[in-house]
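One file, start.csv, carrying CSV, C-alpha atoms:
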```
chain,number,residue,atom,x,y,z
A,16,MET,CA,0.0,0.0,0.0
A,17,THR,CA,1.3,3.5,-0.9
A,18,GLU,CA,1.7,5.7,2.2
A,19,PRO,CA,-1.3,8.1,2.5
A,20,THR,CA,-0.8,11.9,2.6
A,21,ALA,CA,-2.0,14.0,5.5
A,22,ALA,CA,-4.9,15.1,3.3
A,23,SER,CA,-5.9,11.6,2.1
A,24,TYR,CA,-5.6,10.2,5.7
A,25,GLY,CA,-7.6,13.2,7.2
A,26,VAL,CA,-4.9,14.6,9.4
A,27,GLY,CA,-6.0,17.9,10.8
A,28,ALA,CA,-7.3,20.1,13.6
A,29,ARG,CA,-10.1,22.5,14.5
A,30,VAL,CA,-9.3,25.4,16.9
A,31,SER,CA,-11.3,28.1,18.6
A,32,LEU,CA,-9.8,31.1,20.5
A,33,TYR,CA,-11.6,32.9,23.3
A,34,PRO,CA,-9.9,36.1,24.4
A,35,MET,CA,-12.0,37.3,27.3
A,36,CYS,CA,-11.7,41.0,26.7
A,37,ASP,CA,-13.7,43.7,24.8
A,38,GLY,CA,-11.0,43.8,22.1
A,39,PHE,CA,-11.3,40.1,21.3
A,40,VAL,CA,-11.7,40.6,17.6
A,41,ASP,CA,-8.4,42.4,17.3
A,42,VAL,CA,-6.7,39.7,19.4
A,43,ILE,CA,-8.0,36.9,17.2
A,44,MET,CA,-7.3,38.6,13.9
A,45,GLY,CA,-3.9,39.7,15.1
A,46,ALA,CA,-3.0,36.2,16.3
A,47,LEU,CA,-4.1,34.7,12.9
A,48,GLU,CA,-1.9,37.2,11.2
A,49,ASP,CA,1.1,36.5,13.5
A,50,ALA,CA,0.7,32.8,13.0
A,51,ALA,CA,0.2,33.1,9.2
A,52,PRO,CA,3.8,32.1,8.3
A,53,ALA,CA,3.3,28.8,10.1
A,54,ALA,CA,0.0,28.2,8.3
A,55,ALA,CA,1.7,28.4,4.8
A,56,SER,CA,1.8,24.6,4.5
A,57,LEU,CA,-1.7,24.0,5.8
A,58,THR,CA,-5.1,24.1,4.3
A,59,THR,CA,-7.3,26.4,6.5
A,60,THR,CA,-11.0,27.3,6.5
A,61,THR,CA,-12.8,29.4,9.1
A,62,SER,CA,-16.4,29.0,10.3
A,63,PRO,CA,-18.2,31.0,13.0
A,64,VAL,CA,-17.4,28.3,15.5
A,65,SER,CA,-13.9,27.2,14.8
A,66,THR,CA,-11.1,27.2,12.2
A,67,PHE,CA,-10.1,24.0,10.4
A,68,ALA,CA,-6.5,23.3,9.5
A,69,GLY,CA,-5.4,20.2,7.5
A,70,GLY,CA,-1.8,19.2,7.0
A,71,GLY,CA,1.1,17.2,8.5
A,72,GLU,CA,1.4,16.7,12.2
A,73,ARG,CA,4.5,18.8,12.7
A,74,ASP,CA,3.1,21.7,10.7
A,75,LEU,CA,-0.2,21.5,12.6
A,76,VAL,CA,1.6,21.6,16.0
A,77,ARG,CA,3.8,24.5,14.9
A,78,TRP,CA,0.8,26.5,13.8
A,79,LEU,CA,-1.4,25.7,16.8
A,80,VAL,CA,1.3,26.7,19.2
A,81,ALA,CA,2.1,29.9,17.3
A,82,LEU,CA,-1.6,30.8,17.2
A,83,VAL,CA,-2.4,30.3,20.8
A,84,ALA,CA,0.9,32.0,22.0
A,85,ALA,CA,0.2,34.9,19.7
A,86,ALA,CA,-3.3,35.3,21.1
A,87,ALA,CA,-1.9,35.2,24.6
A,88,ARG,CA,0.6,37.9,23.8
A,89,ARG,CA,-1.8,40.1,21.9
A,90,GLY,CA,-4.3,39.9,24.7
A,91,GLY,CA,-1.7,41.1,27.3
A,92,ASP,CA,-3.1,40.1,30.7
A,93,ALA,CA,-6.5,39.1,29.4
A,94,HIS,CA,-7.8,35.6,30.3
A,95,LEU,CA,-7.6,33.4,27.2
A,96,GLY,CA,-9.5,30.2,26.6
A,97,ALA,CA,-8.9,27.9,23.6
A,98,HIS,CA,-10.3,24.7,22.3
A,99,ILE,CA,-8.3,22.3,20.0
A,100,LEU,CA,-9.6,19.2,18.3
A,101,LEU,CA,-7.0,16.9,16.6
A,102,SER,CA,-8.2,14.2,14.3
A,103,ARG,CA,-6.6,11.5,12.1
A,104,GLY,CA,-7.8,8.5,10.2
A,105,CYS,CA,-11.2,9.7,9.1
A,106,PRO,CA,-11.1,12.0,6.1
A,107,GLY,CA,-14.2,13.5,4.6
A,108,GLU,CA,-16.9,14.9,6.8
A,109,VAL,CA,-19.0,12.4,8.7
A,110,ALA,CA,-18.6,9.1,6.9
A,111,CYS,CA,-15.1,7.8,6.7
A,112,ALA,CA,-13.7,7.4,3.2
A,113,LEU,CA,-10.9,5.0,4.2
A,114,PRO,CA,-11.1,1.3,4.6
A,115,ALA,CA,-11.1,0.4,8.4
A,116,GLY,CA,-8.3,-1.1,10.3
A,117,ARG,CA,-5.3,0.3,8.5
A,118,PRO,CA,-3.6,2.5,11.1
A,119,TRP,CA,-0.8,4.8,9.8
A,120,ALA,CA,1.4,7.2,11.7
A,121,PRO,CA,4.6,8.7,10.4
A,122,GLY,CA,7.5,9.0,12.8
A,123,ALA,CA,7.8,12.7,13.8
A,124,ASP,CA,9.4,14.6,16.6
A,125,LEU,CA,6.7,17.2,17.5
A,126,ARG,CA,8.7,19.1,20.2
A,127,LEU,CA,9.1,22.9,19.8
A,128,SER,CA,10.9,25.6,21.6
A,129,ALA,CA,9.1,27.1,24.7
A,130,THR,CA,6.9,30.1,24.1
A,131,GLY,CA,7.0,31.5,27.6
A,132,VAL,CA,3.1,31.2,27.7
A,133,VAL,CA,1.9,28.9,30.4
A,134,ALA,CA,-1.4,27.1,30.1
A,135,VAL,CA,-3.5,24.8,32.2
A,136,ALA,CA,-5.4,22.3,30.0
A,137,ASP,CA,-8.0,19.6,30.1
A,138,TRP,CA,-6.9,16.8,27.8
A,139,SER,CA,-8.9,13.8,26.5
A,140,LEU,CA,-7.8,11.2,23.9
A,141,TYR,CA,-10.3,9.0,22.0
A,142,PRO,CA,-9.1,6.0,19.9
A,143,LEU,CA,-12.2,5.0,18.0
A,144,VAL,CA,-11.8,1.2,17.6
A,145,ASP,CA,-13.6,-0.8,14.9
A,146,ALA,CA,-14.5,-4.4,15.5
A,147,ASP,CA,-11.9,-5.4,12.9
A,148,GLY,CA,-9.3,-3.0,14.3
A,149,ALA,CA,-6.0,-4.2,15.8
A,150,MET,CA,-6.7,-2.8,19.3
A,151,GLY,CA,-8.9,-4.7,21.7
A,152,ASP,CA,-9.0,-2.2,24.5
A,153,HIS,CA,-9.3,1.5,23.8
A,154,MET,CA,-8.1,2.3,27.3
A,155,ALA,CA,-4.6,0.8,26.7
A,156,PRO,CA,-3.2,3.6,24.5
A,157,ILE,CA,-4.8,6.2,26.8
A,158,MET,CA,-3.1,4.8,29.8
A,159,ALA,CA,0.2,4.7,28.0
A,160,ALA,CA,-0.2,8.3,27.0
A,161,ILE,CA,-1.0,9.4,30.5
A,162,ALA,CA,2.1,7.5,31.8
A,163,ARG,CA,4.2,9.6,29.3
A,164,ALA,CA,2.5,12.8,30.6
A,165,LYS,CA,3.5,11.9,34.1
A,166,GLU,CA,7.1,11.5,33.1
A,167,SER,CA,7.0,14.8,31.2
A,168,GLY,CA,6.5,16.9,34.2
A,169,LEU,CA,3.3,18.4,32.7
A,170,PHE,CA,0.9,16.3,34.6
A,171,LEU,CA,-1.2,18.3,37.1
A,172,GLU,CA,-4.0,16.0,38.1
A,173,SER,CA,-6.6,13.5,36.9
A,174,ASP,CA,-10.2,14.6,37.0
A,175,HIS,CA,-13.5,13.3,35.7
A,176,TYR,CA,-13.1,12.5,31.9
A,177,VAL,CA,-9.9,14.5,31.5
A,178,THR,CA,-6.2,14.6,32.4
A,179,ARG,CA,-5.2,18.1,33.5
A,180,LEU,CA,-1.8,19.4,32.2
A,181,ARG,CA,0.1,22.5,33.1
A,182,GLY,CA,3.1,23.9,31.3
A,183,ASP,CA,4.4,25.9,28.4
A,184,VAL,CA,1.9,25.9,25.5
A,185,ALA,CA,4.5,24.4,23.2
A,186,ASP,CA,5.1,21.5,25.6
A,187,VAL,CA,1.5,20.9,26.3
A,188,VAL,CA,0.4,20.8,22.6
A,189,ALA,CA,3.5,18.8,21.6
A,190,LEU,CA,2.7,16.2,24.3
A,191,VAL,CA,-0.9,15.9,23.3
A,192,ALA,CA,-0.2,15.7,19.6
A,193,SER,CA,2.6,13.1,20.2
A,194,ALA,CA,0.2,10.9,22.2
A,195,TRP,CA,-2.4,11.3,19.4
A,196,LEU,CA,0.2,10.4,16.8
A,197,GLU,CA,1.6,7.4,18.7
A,198,THR,CA,-1.9,6.1,19.4
A,199,GLY,CA,-2.5,6.4,15.7
A,200,ALA,CA,0.1,3.8,15.0
A,201,HIS,CA,-2.3,1.2,16.6
A,202,VAL,CA,-5.7,2.6,15.9
A,203,GLN,CA,-6.8,4.3,12.7
A,204,HIS,CA,-9.3,6.9,13.8
A,205,VAL,CA,-7.9,8.8,16.8
A,206,ILE,CA,-9.3,12.1,18.1
A,207,SER,CA,-8.0,14.3,20.9
A,208,HIS,CA,-9.6,17.4,22.5
A,209,LEU,CA,-7.6,20.0,24.5
A,210,VAL,CA,-9.3,22.8,26.4
A,211,LEU,CA,-6.7,25.5,27.3
A,212,SER,CA,-6.8,28.2,30.0
A,213,ILE,CA,-4.2,31.0,30.0
A,214,ASN,CA,-4.0,33.9,32.5
A,215,SER,CA,-6.9,32.6,34.5
A,216,PRO,CA,-7.9,34.8,37.4
A,217,THR,CA,-8.2,31.8,39.6
A,218,ARG,CA,-5.1,31.1,41.6
A,219,GLN,CA,-4.8,27.4,40.9
A,220,GLU,CA,-3.2,28.1,37.6
A,221,ASN,CA,0.1,29.0,39.1
A,222,PRO,CA,0.4,27.2,42.4
A,223,ALA,CA,3.4,28.5,44.4
B,210,MET,CA,-28.1,-6.8,37.5
B,211,THR,CA,-29.3,-3.8,39.6
B,212,GLU,CA,-29.7,-0.6,37.6
B,213,PRO,CA,-26.7,1.7,38.1
B,214,THR,CA,-27.1,5.2,39.4
B,215,ALA,CA,-25.9,8.3,37.4
B,216,ALA,CA,-22.9,8.4,39.8
B,217,SER,CA,-22.0,4.7,39.7
B,218,TYR,CA,-22.3,4.8,35.9
B,219,GLY,CA,-20.3,8.0,35.5
B,220,VAL,CA,-23.0,10.2,33.9
B,221,GLY,CA,-21.8,13.8,33.9
B,222,ALA,CA,-20.5,16.8,32.0
B,223,ARG,CA,-17.7,19.3,32.0
B,224,VAL,CA,-18.4,22.9,30.9
B,225,SER,CA,-16.4,26.0,30.2
B,226,LEU,CA,-17.9,29.5,29.5
B,227,TYR,CA,-16.0,32.2,27.6
B,228,PRO,CA,-17.7,35.6,27.6
B,229,MET,CA,-15.5,37.7,25.3
B,230,CYS,CA,-15.8,41.0,27.3
B,231,ASP,CA,-13.8,42.7,30.0
B,232,GLY,CA,-16.5,41.9,32.6
B,233,PHE,CA,-16.2,38.1,32.0
B,234,VAL,CA,-15.8,37.2,35.7
B,235,ASP,CA,-19.1,38.9,36.6
B,236,VAL,CA,-20.8,37.2,33.6
B,237,ILE,CA,-19.6,33.7,34.6
B,238,MET,CA,-20.2,34.2,38.4
B,239,GLY,CA,-23.7,35.6,37.6
B,240,ALA,CA,-24.5,32.8,35.3
B,241,LEU,CA,-23.5,30.2,37.9
B,242,GLU,CA,-25.7,32.0,40.4
B,243,ASP,CA,-28.7,32.2,38.0
B,244,ALA,CA,-28.3,28.5,37.2
B,245,ALA,CA,-27.8,27.4,40.8
B,246,PRO,CA,-31.4,26.2,41.3
B,247,ALA,CA,-31.0,23.8,38.4
B,248,ALA,CA,-27.7,22.5,39.9
B,249,ALA,CA,-29.4,21.5,43.2
B,250,SER,CA,-29.6,17.8,42.1
B,251,LEU,CA,-26.1,17.7,40.7
B,252,THR,CA,-22.6,17.2,42.2
B,253,THR,CA,-20.4,20.1,40.9
B,254,THR,CA,-16.7,20.9,41.2
B,255,THR,CA,-14.9,23.8,39.6
B,256,SER,CA,-11.3,23.8,38.3
B,257,PRO,CA,-9.4,26.6,36.5
B,258,VAL,CA,-10.2,25.1,33.1
B,259,SER,CA,-13.8,23.8,33.5
B,260,THR,CA,-16.6,22.9,35.8
B,261,PHE,CA,-17.7,19.3,36.4
B,262,ALA,CA,-21.3,18.3,37.0
B,263,GLY,CA,-22.4,14.7,37.8
B,264,GLY,CA,-26.0,13.6,37.8
B,265,GLY,CA,-29.0,12.4,35.8
B,266,GLU,CA,-29.3,13.2,32.1
B,267,ARG,CA,-32.3,15.4,32.4
B,268,ASP,CA,-30.9,17.4,35.3
B,269,LEU,CA,-27.6,17.8,33.5
B,270,VAL,CA,-29.3,19.2,30.4
B,271,ARG,CA,-31.5,21.5,32.4
B,272,TRP,CA,-28.5,23.0,34.2
B,273,LEU,CA,-26.3,23.2,31.1
B,274,VAL,CA,-29.0,25.1,29.2
B,275,ALA,CA,-29.8,27.4,32.1
B,276,LEU,CA,-26.1,28.1,32.5
B,277,VAL,CA,-25.3,28.9,28.9
B,278,ALA,CA,-28.5,31.0,28.4
B,279,ALA,CA,-27.8,32.9,31.6
B,280,ALA,CA,-24.3,33.7,30.5
B,281,ALA,CA,-25.6,34.9,27.2
B,282,ARG,CA,-28.2,37.2,28.9
B,283,ARG,CA,-25.7,38.5,31.5
B,284,GLY,CA,-23.2,39.3,28.7
B,285,GLY,CA,-25.8,41.3,26.7
B,286,ASP,CA,-24.5,41.6,23.2
B,287,ALA,CA,-21.0,40.2,24.1
B,288,HIS,CA,-19.8,37.2,22.0
B,289,LEU,CA,-20.0,34.1,24.1
B,290,GLY,CA,-18.2,30.8,23.5
B,291,ALA,CA,-18.8,27.6,25.5
B,292,HIS,CA,-17.4,24.1,25.5
B,293,ILE,CA,-19.4,21.2,26.8
B,294,LEU,CA,-18.2,17.6,27.3
B,295,LEU,CA,-20.8,14.9,28.1
B,296,SER,CA,-19.6,11.5,29.3
B,297,ARG,CA,-21.3,8.2,30.4
B,298,GLY,CA,-20.2,4.7,31.1
B,299,CYS,CA,-16.7,5.4,32.5
B,300,PRO,CA,-16.9,6.5,36.1
B,301,GLY,CA,-13.7,7.3,38.0
B,302,GLU,CA,-11.0,9.4,36.5
B,303,VAL,CA,-8.9,7.7,33.9
B,304,ALA,CA,-9.3,4.0,34.4
B,305,CYS,CA,-12.9,2.7,34.0
B,306,ALA,CA,-14.3,1.1,37.2
B,307,LEU,CA,-17.1,-0.7,35.4
B,308,PRO,CA,-16.9,-4.1,33.7
B,309,ALA,CA,-16.9,-3.5,29.9
B,310,GLY,CA,-19.7,-4.2,27.5
B,311,ARG,CA,-22.8,-3.5,29.6
B,312,PRO,CA,-24.4,-0.5,28.1
B,313,TRP,CA,-27.2,1.1,30.1
B,314,ALA,CA,-29.3,4.1,29.2
B,315,PRO,CA,-32.5,5.2,30.9
B,316,GLY,CA,-35.4,6.4,28.8
B,317,ALA,CA,-35.7,10.1,29.2
B,318,ASP,CA,-37.2,13.0,27.3
B,319,LEU,CA,-34.5,15.7,27.4
B,320,ARG,CA,-36.5,18.4,25.5
B,321,LEU,CA,-36.9,21.8,27.3
B,322,SER,CA,-38.6,25.1,26.5
B,323,ALA,CA,-36.8,27.5,24.2
B,324,THR,CA,-34.6,30.1,25.9
B,325,GLY,CA,-34.6,32.7,23.1
B,326,VAL,CA,-30.8,32.3,22.9
B,327,VAL,CA,-29.5,31.1,19.5
B,328,ALA,CA,-26.2,29.3,19.1
B,329,VAL,CA,-24.1,27.8,16.3
B,330,ALA,CA,-22.3,24.7,17.5
B,331,ASP,CA,-19.7,22.2,16.4
B,332,TRP,CA,-20.8,18.8,17.6
B,333,SER,CA,-19.0,15.5,17.8
B,334,LEU,CA,-20.0,12.1,19.2
B,335,TYR,CA,-17.6,9.3,20.2
B,336,PRO,CA,-18.9,5.9,21.1
B,337,LEU,CA,-15.8,4.1,22.5
B,338,VAL,CA,-16.2,0.5,21.5
B,339,ASP,CA,-14.4,-2.3,23.3
B,340,ALA,CA,-13.6,-5.5,21.4
B,341,ASP,CA,-16.2,-7.3,23.5
B,342,GLY,CA,-18.8,-4.6,23.1
B,343,ALA,CA,-22.0,-5.1,21.3
B,344,MET,CA,-21.4,-2.5,18.5
B,345,GLY,CA,-19.2,-3.5,15.6
B,346,ASP,CA,-19.1,-0.2,13.9
B,347,HIS,CA,-18.7,3.0,15.8
B,348,MET,CA,-19.9,5.0,12.9
B,349,ALA,CA,-23.4,3.5,12.9
B,350,PRO,CA,-24.8,5.3,15.9
B,351,ILE,CA,-23.1,8.5,14.7
B,352,MET,CA,-24.9,8.3,11.4
B,353,ALA,CA,-28.2,7.6,13.1
B,354,ALA,CA,-27.7,10.7,15.4
B,355,ILE,CA,-26.9,12.9,12.4
B,356,ALA,CA,-30.0,11.7,10.6
B,357,ARG,CA,-32.1,12.7,13.6
B,358,ALA,CA,-30.3,16.1,13.6
B,359,LYS,CA,-31.3,16.6,10.0
B,360,GLU,CA,-34.9,15.9,10.8
B,361,SER,CA,-34.8,18.3,13.8
B,362,GLY,CA,-34.2,21.4,11.7
B,363,LEU,CA,-31.1,22.2,13.7
B,364,PHE,CA,-28.7,20.8,11.1
B,365,LEU,CA,-26.6,23.6,9.5
B,366,GLU,CA,-23.8,21.7,7.7
B,367,SER,CA,-21.3,18.9,7.9
B,368,ASP,CA,-17.6,20.0,8.2
B,369,HIS,CA,-14.4,18.2,8.9
B,370,TYR,CA,-14.7,16.2,12.2
B,371,VAL,CA,-17.9,17.9,13.3
B,372,THR,CA,-21.6,18.4,12.5
B,373,ARG,CA,-22.6,22.1,12.7
B,374,LEU,CA,-25.9,22.8,14.3
B,375,ARG,CA,-27.9,26.1,14.7
B,376,GLY,CA,-30.8,26.8,16.9
B,377,ASP,CA,-32.1,27.7,20.3
B,378,VAL,CA,-29.5,26.6,23.0
B,379,ALA,CA,-32.2,24.4,24.6
B,380,ASP,CA,-32.9,22.6,21.4
B,381,VAL,CA,-29.2,22.1,20.5
B,382,VAL,CA,-28.2,20.8,23.9
B,383,ALA,CA,-31.2,18.5,24.1
B,384,LEU,CA,-30.5,17.1,20.6
B,385,VAL,CA,-26.9,16.4,21.4
B,386,ALA,CA,-27.7,14.9,24.8
B,387,SER,CA,-30.4,12.7,23.3
B,388,ALA,CA,-28.0,11.3,20.7
B,389,TRP,CA,-25.5,10.7,23.5
B,390,LEU,CA,-28.1,8.9,25.6
B,391,GLU,CA,-29.5,6.9,22.7
B,392,THR,CA,-26.0,5.8,21.6
B,393,GLY,CA,-25.4,4.8,25.2
B,394,ALA,CA,-28.1,2.1,24.9
B,395,HIS,CA,-25.8,0.3,22.5
B,396,VAL,CA,-22.3,1.3,23.6
B,397,GLN,CA,-21.2,1.7,27.2
B,398,HIS,CA,-18.7,4.5,27.1
B,399,VAL,CA,-20.0,7.4,25.0
B,400,ILE,CA,-18.6,10.9,24.9
B,401,SER,CA,-19.9,14.0,23.1
B,402,HIS,CA,-18.2,17.4,22.7
B,403,LEU,CA,-20.1,20.6,21.8
B,404,VAL,CA,-18.4,23.9,21.0
B,405,LEU,CA,-21.0,26.7,21.1
B,406,SER,CA,-20.8,30.2,19.6
B,407,ILE,CA,-23.4,32.8,20.6
B,408,ASN,CA,-23.6,36.4,19.3
B,409,SER,CA,-20.7,35.9,16.9
B,410,PRO,CA,-19.7,39.0,15.0
B,411,THR,CA,-19.3,36.9,11.9
B,412,ARG,CA,-22.4,37.1,9.7
B,413,GLN,CA,-22.8,33.4,9.1
B,414,GLU,CA,-24.5,32.9,12.5
B,415,ASN,CA,-27.7,34.4,11.3
B,416,PRO,CA,-27.9,33.9,7.6
B,417,ALA,CA,-30.9,35.8,6.1
```
Could I get this structure in the form of structure tokens?
Amino acid sequence: MTEPTAASYGVGARVSLYPMCDGFVDVIMGALEDAAPAAASLTTTTSPVSTFAGGGERDLVRWLVALVAAAARRGGDAHLGAHILLSRGCPGEVACALPAGRPWAPGADLRLSATGVVAVADWSLYPLVDADGAMGDHMAPIMAAIARAKESGLFLESDHYVTRLRGDVADVVALVASAWLETGAHVQHVISHLVLSINSPTRQENPA
Amino acid sequence: MTEPTAASYGVGARVSLYPMCDGFVDVIMGALEDAAPAAASLTTTTSPVSTFAGGGERDLVRWLVALVAAAARRGGDAHLGAHILLSRGCPGEVACALPAGRPWAPGADLRLSATGVVAVADWSLYPLVDADGAMGDHMAPIMAAIARAKESGLFLESDHYVTRLRGDVADVVALVASAWLETGAHVQHVISHLVLSINSPTRQENPA
């Protein structure tokens, strides 16, 4: 079988930015502009709810980190929320255009330099296993990913339905995308959601 | 087998509100206060990223709708984003404390009165199928849910990884929660994510 491309395999992300300040439009538009060079290799489309980006894993991570860090910088001290969805293995819209049970994941080092922007994030990882897929237990790759998170120093706590991470946006997004990619070597259709909080007025974000 | 309770079966939600205005703290605190009566039957805990609520499906829907509608009203014309995660069938934090492959879903009518608050929303539904689960194809319940969405009049469009809905917040949340509950009759561990946009300055929200 020929290796699929990012587009034919449905590798992509959706992202929403929520600058909690009156000037939110300028923050979002400015962040999109700042991150535009990193978007050059991606296909992007914007909707009223979120922006889609399709492309290779490393390019996606670079753009997502650039975008969120730029929004944090443009917003100054403003509280910033963001939601990221990563998906692979199910191109098209609803129905999957790929035959099931043929996981593919390229080797890629997704680590980037630190941005100086610290986030707390609720992370969830969903390997969608078909009956004819190779994985019998969808929890196994999740547990492996959480073990890696604990080793990384980014693990803050486990909570209902999510693992909470804290660290530089570059490290958090790279960890989550790496787990998504590595799970993708065993399961074809893998989705991950990341809900980010930056500059939260609640004290827990930066415990002493 | 005795019927599980909402708590023993892990029925709950996480929600984040993002009022995009300088007074976001007052909007969020006010909305939590306004929705407090609906939270009486739920167990809630707040973190810097999101608020957890555990309880029965109908109580969860009533509270989520009250909360989002209250934040929209408190914010006036401010753009409001919100993220909701619904989960069932996997109590505890990361590891599931239930034996696999015993789906349970109570019959419940989750429809509520309209709030007057219109949202556009990106919706995704993830039945997490174990090898010993009853469902062979995780796409089947998703396709059934989307067919129901199309009949409901709330379907706006399909997009990469999500189905976009538009309608009163009460109708959108009830539709999504109903699909989550109905899928839960066939698959034990079912998650749904909903990313809401209210009062968006982009025109697409209210096409003429």
What separates CA of Val64 (chain A) and CA of Ile99 (chain A) is a distance of 11.8 Å
Nearest to Gly325 (chain B) among B:Ser401, B:Ile355, B:Ile407, B:Thr255, with distances taken over only C-alpha atoms: which residue is it? B:Ile407
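Counting from CA of Leu251 (chain B), the distance to CA of Ala215 (chain B) is 10.0 Å.
In this comparison, which uses only C-alpha atoms, the residue of A:Thr198, A:Ser128, A:Asn214, A:Thr20 approaching chain B most closely is A:Asn214.
Among the candidates B:Ile400, B:Asp331, B:Arg267, B:Leu337, the one nearest to Tyr370 (chain B) when counting only C-alpha atoms is B:Asp331.
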Measure the distance from CA of Met35 (chain A) to CA of Leu100 (chain A) in Å and round it to one decimal. 20.4 Å
